[in-house]
$ cat run19.txt   # compact mmCIF, C-alpha atoms
# COMPACT_ATOMS: atom_id res chain seq x y z
CA MET R 1 89.08 65.28 75.57
CA TRP R 2 89.47 64.34 79.23
CA THR R 3 92.58 62.30 78.70
CA TRP R 4 94.02 65.23 76.79
CA PHE R 5 93.12 67.54 79.65
CA HIS R 6 94.63 65.26 82.24
CA ARG R 7 97.83 64.99 80.29
CA LEU R 8 98.07 68.75 79.95
CA ALA R 9 97.45 69.21 83.65
CA SER R 10 100.23 66.80 84.54
CA PRO R 11 103.17 68.81 85.87
CA PRO R 12 105.97 67.36 83.70
CA THR R 13 103.92 67.78 80.53
CA PHE R 14 102.95 71.34 81.37
CA TYR R 15 106.53 72.17 82.30
CA ARG R 16 107.75 70.91 78.96
CA LEU R 17 105.03 72.71 77.00
CA ALA R 18 105.74 75.92 78.92
CA ASP R 19 109.39 75.64 77.90
CA ARG R 20 108.32 75.22 74.31
CA PHE R 21 105.80 78.09 74.20
CA ALA R 22 107.25 80.73 76.51
CA PRO R 23 109.97 81.92 74.09
CA TRP R 24 107.38 82.44 71.33
CA PHE R 25 105.16 84.39 73.69
CA GLY R 26 108.19 86.49 74.57
CA ILE R 27 109.03 87.16 70.93
CA ALA R 28 105.43 88.05 70.07
CA ALA R 29 105.21 90.38 73.08
CA THR R 30 108.48 92.11 72.21
CA GLY R 31 107.49 92.67 68.58
CA LEU R 32 103.96 93.88 69.28
CA LEU R 33 104.96 96.14 72.16
CA ALA R 34 107.86 97.63 70.19
CA TYR R 35 105.55 98.35 67.26
CA GLY R 36 102.84 99.74 69.53
CA ILE R 37 105.05 101.96 71.67
CA VAL R 38 107.03 103.36 68.73
CA GLY R 39 103.80 103.96 66.81
CA GLY R 40 102.13 105.49 69.83
CA LEU R 41 104.98 107.80 70.76
CA PHE R 42 106.29 108.78 67.34
CA PHE R 43 103.72 108.22 64.63
CA ALA R 44 100.29 108.68 66.14
CA PRO R 45 99.09 112.26 65.68
CA ALA R 46 98.53 114.35 68.80
CA ASP R 47 94.96 114.39 70.08
CA TYR R 48 92.97 117.50 69.18
CA GLN R 49 91.93 118.06 72.79
CA GLN R 50 94.58 116.41 74.91
CA SER R 51 97.51 116.92 72.53
CA ASP R 52 100.45 114.70 73.55
CA ALA R 53 99.04 113.74 76.96
CA PHE R 54 96.78 111.18 75.26
CA ARG R 55 99.87 109.02 74.55
CA ILE R 56 99.47 107.65 78.07
CA ILE R 57 96.63 105.57 76.56
CA TYR R 58 99.15 103.08 75.07
CA ILE R 59 100.14 102.07 78.59
CA HIS R 60 97.00 102.77 80.56
CA VAL R 61 94.37 100.91 78.53
CA PRO R 62 96.38 97.70 77.99
CA ALA R 63 97.36 97.67 81.68
CA ALA R 64 93.76 98.17 82.79
CA ALA R 65 92.39 95.54 80.39
CA LEU R 66 95.03 93.09 81.55
CA SER R 67 94.31 93.79 85.22
CA LEU R 68 90.75 92.48 84.74
CA SER R 69 91.67 89.62 82.40
CA ILE R 70 94.30 88.28 84.77
CA TYR R 71 91.74 88.37 87.55
CA MET R 72 89.33 86.30 85.48
CA LEU R 73 92.10 83.87 84.64
CA MET R 74 93.10 83.67 88.30
CA ALA R 75 89.49 83.12 89.38
CA SER R 76 89.02 80.37 86.78
CA ALA R 77 92.14 78.65 88.09
CA ALA R 78 90.79 79.17 91.61
CA LEU R 79 87.53 77.42 90.72
CA VAL R 80 89.38 74.41 89.32
CA ALA R 81 91.78 74.39 92.28
CA VAL R 82 89.03 74.58 94.89
CA ILE R 83 86.75 71.99 93.31
CA TRP R 84 89.15 69.45 91.80
CA ARG R 85 92.35 70.22 93.72
CA ILE R 86 94.36 70.11 90.55
CA LYS R 87 97.93 71.05 91.36
CA LEU R 88 98.54 72.89 88.12
CA ALA R 89 95.49 75.11 88.78
CA GLU R 90 96.86 75.96 92.22
CA CYS R 91 100.17 76.95 90.64
CA VAL R 92 98.47 79.15 88.05
CA LEU R 93 96.33 80.75 90.74
CA VAL R 94 99.21 81.85 92.94
CA SER R 95 101.37 82.76 89.92
CA ALA R 96 98.76 85.05 88.39
CA ALA R 97 98.33 87.24 91.48
CA PRO R 98 101.65 89.14 91.43
CA ILE R 99 101.39 89.75 87.68
CA GLY R 100 97.84 91.03 88.12
CA ALA R 101 98.84 93.23 91.03
CA SER R 102 101.68 94.80 89.07
CA PHE R 103 99.47 95.65 86.09
CA THR R 104 96.68 96.94 88.32
CA ALA R 105 99.23 99.23 89.96
CA LEU R 106 100.38 100.32 86.50
CA ALA R 107 96.80 101.08 85.46
CA LEU R 108 96.23 103.10 88.63
CA VAL R 109 99.50 105.05 88.45
CA THR R 110 99.15 105.90 84.75
CA GLY R 111 95.53 106.82 85.41
CA MET R 112 96.61 109.22 88.13
CA LEU R 113 99.29 110.71 85.88
CA TRP R 114 96.65 111.16 83.20
CA GLY R 115 94.02 112.46 85.60
CA LYS R 116 96.15 115.26 86.99
CA PRO R 117 96.50 117.27 83.76
CA MET R 118 93.04 116.35 82.38
CA TRP R 119 90.76 116.31 85.42
CA GLY R 120 92.88 118.50 87.67
CA ALA R 121 93.32 115.81 90.31
CA TYR R 122 95.47 112.71 90.71
CA TRP R 123 92.71 110.90 92.49
CA VAL R 124 88.94 111.11 92.89
CA TRP R 125 86.80 108.58 94.76
CA ASP R 126 84.93 107.70 91.64
CA ALA R 127 83.37 104.27 90.96
CA ARG R 128 85.92 103.21 88.32
CA LEU R 129 88.95 104.32 90.28
CA THR R 130 87.71 102.97 93.60
CA SER R 131 86.78 99.54 92.21
CA GLU R 132 90.14 99.29 90.45
CA LEU R 133 91.82 100.07 93.78
CA ILE R 134 89.78 97.29 95.39
CA LEU R 135 91.06 95.01 92.61
CA LEU R 136 94.60 95.83 93.74
CA PHE R 137 93.69 94.98 97.33
CA LEU R 138 92.20 91.65 96.20
CA TYR R 139 95.44 90.75 94.42
CA ALA R 140 97.39 91.85 97.49
CA GLY R 141 95.13 89.68 99.64
CA VAL R 142 95.82 86.61 97.52
CA ILE R 143 99.58 87.27 97.59
CA GLY R 144 99.50 87.84 101.35
CA LEU R 145 97.46 84.73 102.11
CA ASN R 146 99.75 82.61 99.98
CA GLN R 147 102.80 83.88 101.85
CA ALA R 148 101.17 83.62 105.27
CA ILE R 149 100.10 79.97 105.05
CA GLU R 150 102.96 77.51 105.21
CA ASP R 151 101.34 74.49 103.55
CA PRO R 152 101.09 75.32 99.84
CA ARG R 153 97.91 73.28 99.31
CA ALA R 154 96.08 74.92 102.21
CA ALA R 155 97.39 78.30 101.04
CA ALA R 156 96.09 77.71 97.51
CA ARG R 157 92.68 76.76 98.89
CA ALA R 158 92.44 79.95 100.96
CA CYS R 159 93.69 82.05 98.03
CA GLY R 160 91.18 80.34 95.77
CA LEU R 161 88.25 81.17 98.01
CA LEU R 162 89.32 84.82 98.30
CA ALA R 163 89.82 85.04 94.53
CA LEU R 164 86.34 83.60 93.94
CA ILE R 165 84.65 85.99 96.36
CA GLY R 166 86.46 88.88 94.69
CA VAL R 167 84.98 88.04 91.29
CA ILE R 168 82.03 90.25 92.28
CA ASN R 169 84.33 93.20 91.80
CA VAL R 170 85.14 92.41 88.16
CA PRO R 171 81.80 93.44 86.59
CA ILE R 172 81.77 96.43 88.93
CA VAL R 173 85.08 97.65 87.50
CA HIS R 174 84.00 96.90 83.95
CA TYR R 175 80.56 98.48 84.05
CA SER R 176 81.27 101.22 86.60
CA VAL R 177 81.45 103.86 83.89
CA GLU R 178 77.98 102.94 82.68
CA TRP R 179 76.27 102.25 86.00
CA TRP R 180 77.44 105.38 87.76
CA ASN R 181 77.96 108.90 86.69
CA SER R 182 81.70 108.64 86.42
CA LEU R 183 84.46 111.12 85.73
CA HIS R 184 86.18 108.30 83.87
CA GLN R 185 85.24 108.16 80.21
CA GLY R 186 83.57 105.16 78.62
CA SER R 187 85.28 102.65 76.41
CA THR R 188 86.77 104.00 73.22
CA ILE R 189 87.67 100.83 71.39
CA LEU R 190 85.03 98.34 72.51
CA LYS R 191 82.28 100.57 71.21
CA MET R 192 80.09 99.08 68.52
CA GLY R 193 79.75 100.72 65.17
CA LYS R 194 81.80 103.68 64.14
CA PRO R 195 85.29 103.62 65.59
CA SER R 196 85.93 106.69 67.67
CA MET R 197 89.64 106.71 66.99
CA ASN R 198 91.75 107.49 63.99
CA ALA R 199 93.57 104.42 62.58
CA ASP R 200 97.06 105.87 63.19
CA MET R 201 96.10 106.20 66.83
CA ALA R 202 94.19 102.93 67.13
CA GLN R 203 96.60 100.48 65.47
CA PRO R 204 99.44 101.00 67.98
CA LEU R 205 96.86 100.60 70.74
CA TYR R 206 95.70 97.24 69.38
CA ALA R 207 99.34 96.16 69.12
CA CYS R 208 100.03 97.16 72.73
CA LEU R 209 96.87 95.39 73.90
CA LEU R 210 97.80 92.16 72.15
CA GLY R 211 101.41 92.60 73.24
CA VAL R 212 100.67 92.78 76.96
CA TYR R 213 98.59 89.60 76.73
CA PHE R 214 101.55 87.73 75.22
CA PHE R 215 103.78 89.28 77.86
CA MET R 216 101.43 88.09 80.59
CA GLY R 217 101.44 84.62 79.00
CA TYR R 218 105.22 84.54 79.06
CA VAL R 219 105.51 85.62 82.70
CA LEU R 220 102.68 83.34 83.81
CA LEU R 221 104.30 80.29 82.19
CA ARG R 222 107.64 81.05 83.86
CA ARG R 223 106.10 81.67 87.28
CA THR R 224 103.93 78.56 87.02
CA GLN R 225 107.03 76.52 86.19
CA ASN R 226 108.65 77.85 89.38
CA GLU R 227 105.67 76.79 91.46
CA LEU R 228 105.60 73.36 89.84
CA LEU R 229 109.29 72.80 90.61
CA LEU R 230 108.68 73.66 94.26
CA ARG R 231 105.58 71.53 94.69
CA GLU R 232 106.93 68.59 92.75
CA ARG R 233 110.31 68.52 94.47
CA GLY R 234 111.39 65.00 95.10
CA THR R 235 109.47 63.57 92.16
CA ALA R 236 111.27 61.70 89.42
CA TRP R 237 110.77 64.31 86.70
CA VAL R 238 112.12 67.18 88.81
CA LYS R 239 115.13 65.11 89.87
CA GLU R 240 115.77 64.20 86.28
CA ARG R 241 115.68 67.83 85.23
CA LEU R 242 117.92 68.87 88.10
CA GLU R 243 120.47 66.20 87.25
CA SER R 244 120.60 67.14 83.60
CA SER R 245 120.52 70.86 84.58
CA ASN R 246 117.57 71.12 82.24
CA VAL R 247 115.47 73.59 84.21
CA MET V 1 115.77 113.51 69.56
CA SER V 2 114.10 116.87 69.37
CA SER V 3 113.28 118.73 72.55
CA ASP V 4 109.76 119.07 71.17
CA PHE V 5 109.34 115.34 71.42
CA LEU V 6 110.79 115.17 74.92
CA ASN V 7 108.60 118.05 76.00
CA MET V 8 105.35 116.29 74.95
CA SER V 9 103.70 119.71 74.54
CA GLY V 10 104.13 120.42 78.22
CA TYR V 11 102.92 117.03 79.49
CA ALA V 12 106.41 115.54 79.73
CA VAL V 13 106.17 114.67 83.43
CA TYR V 14 102.91 112.78 82.97
CA VAL V 15 103.72 111.02 79.71
CA TRP V 16 107.31 110.06 80.56
CA GLY V 17 106.29 109.26 84.12
CA SER V 18 103.75 106.76 82.76
CA TYR V 19 106.20 105.16 80.33
CA GLY V 20 108.89 105.13 83.03
CA PHE V 21 106.69 103.32 85.53
CA ALA V 22 105.63 100.92 82.77
CA ALA V 23 109.30 100.12 82.16
CA VAL V 24 109.70 99.35 85.87
CA VAL V 25 106.65 97.05 85.89
CA PHE V 26 107.78 95.15 82.77
CA ALA V 27 111.33 94.81 84.08
CA TRP V 28 110.12 93.56 87.47
CA ASN V 29 107.89 90.96 85.80
CA LEU V 30 110.87 89.69 83.82
CA ILE V 31 113.42 89.73 86.63
CA ALA V 32 111.39 88.51 89.63
CA PRO V 33 110.55 85.01 88.26
CA ARG V 34 114.14 84.59 87.06
CA LEU V 35 115.58 85.35 90.50
CA ARG V 36 113.01 83.08 92.10
CA ARG V 37 113.99 80.27 89.73
CA ARG V 38 117.62 80.63 90.78
CA GLU V 39 116.58 80.53 94.46
CA ILE V 40 114.47 77.43 93.95
CA LEU V 41 117.22 75.62 92.08
CA LYS V 42 119.68 76.38 94.85
CA GLU V 43 117.20 75.16 97.45
CA LEU V 44 116.40 71.96 95.58
CA SER V 45 120.01 71.09 94.84
CA THR V 46 120.99 71.39 98.51
CA THR V 47 118.05 69.43 99.88
CA GLU V 48 118.12 66.61 97.40
$ encode --input "run19.txt" --output "structure tokens"
Amino acid sequence: MWTWFHRLASPPTFYRLADRFAPWFGIAATGLLAYGIVGGLFFAPADYQQSDAFRIIYIHVPAAALSLSIYMLMASAALVAVIWRIKLAECVLVSAAPIGASFTALALVTGMLWGKPMWGAYWVWDARLTSELILLFLYAGVIGLNQAIEDPRAAARACGLLALIGVINVPIVHYSVEWWNSLHQGSTILKMGKPSMNADMAQPLYACLLGVYFFMGYVLLRRTQNELLLRERGTAWVKERLESSNV
Amino acid sequence: MSSDFLNMSGYAVYVWGSYGFAAVVFAWNLIAPRLRRREILKELSTTE
């Protein structure tokens, strides 16, 4: 188990595996997202209350779910990076932040565009919205720290500590709609028991959800490869790849 | 494409705005690492 882990965490092995898996992640993401978006826009029936405005859900919910998942992934990498100083974990940590920031921004923007016609306001300082905005600032903080500190190892350490402190915000975002009296509605799909959505509406949503996770996997692998190339410059395996133009 | 579909029962700005911004986010996520890769390769090939 540990030898397997060590081998996986070795930069050349990870780089090679990323090359092998990334295309499949890309294909899975493309297929699922195409199915989900087409189903969501064309085949799902209009909502009885929100009519066609509800179609924003196929972007908003996957983006919001991903914004929290990427944070957890980033924080896990941060823990490994801070404790064991594993280079691969540092690369994953700094690679996850921009992806997370972009999907948090997407969740916020689509939420605002949904809030305006349904709540009558683009923004309210409600627990869910505010904590999601703090999530964006946490991602921005990690990105900023990483750019501000010259030495990549010191930068990763600082980013890791910030990411770990920010974990407090994750349950706040997740449970905000239950803990506080929020304008934001509760979860529709994670509810136990009777599904509260019609299958024609729900299936494209599941496809989009799964699709964005594969998409995140694809982008994360590619970004992590970039970081590995930079940090491992001068090593034999990078030189070899550069010489054979196999990068 | 019918104008009904484009109109989204009056919510066109919000629905298409959301999908439009999503397209931007997905495109950026695909393009940014690719450009960075090119930059890194140029940097590494000149320094080594």
$ closest_atom_pairs --input "run19.txt" --of "chain V" --to "chain R" --cutoff "7 Å" --atoms "all atoms listed in the file" --output "Markdown table"
| residue | atom | partner | partner_atom | distance |
| --- | --- | --- | --- | --- |
| V:Met8 | CA | R:Asp52 | CA | 5.3 |
| V:Ser9 | CA | R:Asp52 | CA | 6.1 |
| V:Tyr11 | CA | R:Ala53 | CA | 5.7 |
| V:Tyr14 | CA | R:Leu113 | CA | 5.1 |
| V:Val15 | CA | R:Ile56 | CA | 5.7 |
| V:Ser18 | CA | R:Thr110 | CA | 5.1 |
| V:Ala22 | CA | R:Leu106 | CA | 6.5 |
| V:Val25 | CA | R:Ser102 | CA | 6.3 |
| V:Asn29 | CA | R:Val219 | CA | 6.6 |
| V:Leu30 | CA | R:Val219 | CA | 6.8 |
| V:Pro33 | CA | R:Arg223 | CA | 5.6 |
| V:Arg37 | CA | R:Asn226 | CA | 5.9 |
| V:Ile40 | CA | R:Leu230 | CA | 6.9 |
$ residues_around --input "run19.txt" --residues "segment 2-13 of chain R" --least-positions-apart "4" --cutoff "12 Å" --atoms "all atoms listed in the file" --output "PyMOL selection string"
chain R and resi 17-20+77+80-81+84-92+224-233+235-241+247
$ atom_distance --input "run19.txt" --atom1 "atom CA of Ala78 of chain R" --atom2 "atom CA of Arg36 of chain V"
22.6 Å
$ atom_distance --input "run19.txt" --atom1 "atom CA of Pro62 of chain R" --atom2 "atom CA of Ser176 of chain R"
17.7 Å
$ atom_distance --input "run19.txt" --atom1 "atom CA of Arg153 of chain R" --atom2 "atom CA of Glu39 of chain V"
20.6 Å
$ build_atoms --input "run19.txt" --residues "segment 175-186 of chain R" --atoms "N, CA and C atoms" --output "short mmCIF file (atom, residue, chain, number, x, y, z; two decimals), keeping the file's coordinate frame"
data_model
loop_
_atom_site.label_atom_id
_atom_site.label_comp_id
_atom_site.auth_asym_id
_atom_site.auth_seq_id
_atom_site.Cartn_x
_atom_site.Cartn_y
_atom_site.Cartn_z
N TYR R 175 81.74 97.70 84.38
CA TYR R 175 80.56 98.48 84.05
C TYR R 175 80.41 99.77 84.83
N SER R 176 81.39 100.04 85.73
CA SER R 176 81.27 101.22 86.60
C SER R 176 81.00 102.51 85.81
N VAL R 177 81.63 102.61 84.63
CA VAL R 177 81.45 103.86 83.89
C VAL R 177 80.06 103.99 83.28
N GLU R 178 79.34 102.85 83.20
CA GLU R 178 77.98 102.94 82.68
C GLU R 178 76.96 103.02 83.81
N TRP R 179 77.23 102.30 84.91
CA TRP R 179 76.27 102.25 86.00
C TRP R 179 76.23 103.55 86.80
N TRP R 180 77.40 104.15 86.97
CA TRP R 180 77.44 105.38 87.76
C TRP R 180 77.86 106.54 86.88
N ASN R 181 77.55 107.71 87.37
CA ASN R 181 77.96 108.90 86.69
C ASN R 181 79.42 109.12 87.02
N SER R 182 80.28 108.67 86.10
CA SER R 182 81.70 108.64 86.42
C SER R 182 82.47 109.74 85.71
N LEU R 183 83.56 110.16 86.36
CA LEU R 183 84.46 111.12 85.73
C LEU R 183 85.24 110.42 84.63
N HIS R 184 85.43 109.10 84.83
CA HIS R 184 86.18 108.30 83.87
C HIS R 184 85.36 108.14 82.61
N GLN R 185 85.99 108.28 81.45
CA GLN R 185 85.24 108.16 80.21
C GLN R 185 84.90 106.70 79.90
N GLY R 186 83.96 106.51 79.02
CA GLY R 186 83.57 105.16 78.62
C GLY R 186 84.61 104.55 77.70
#
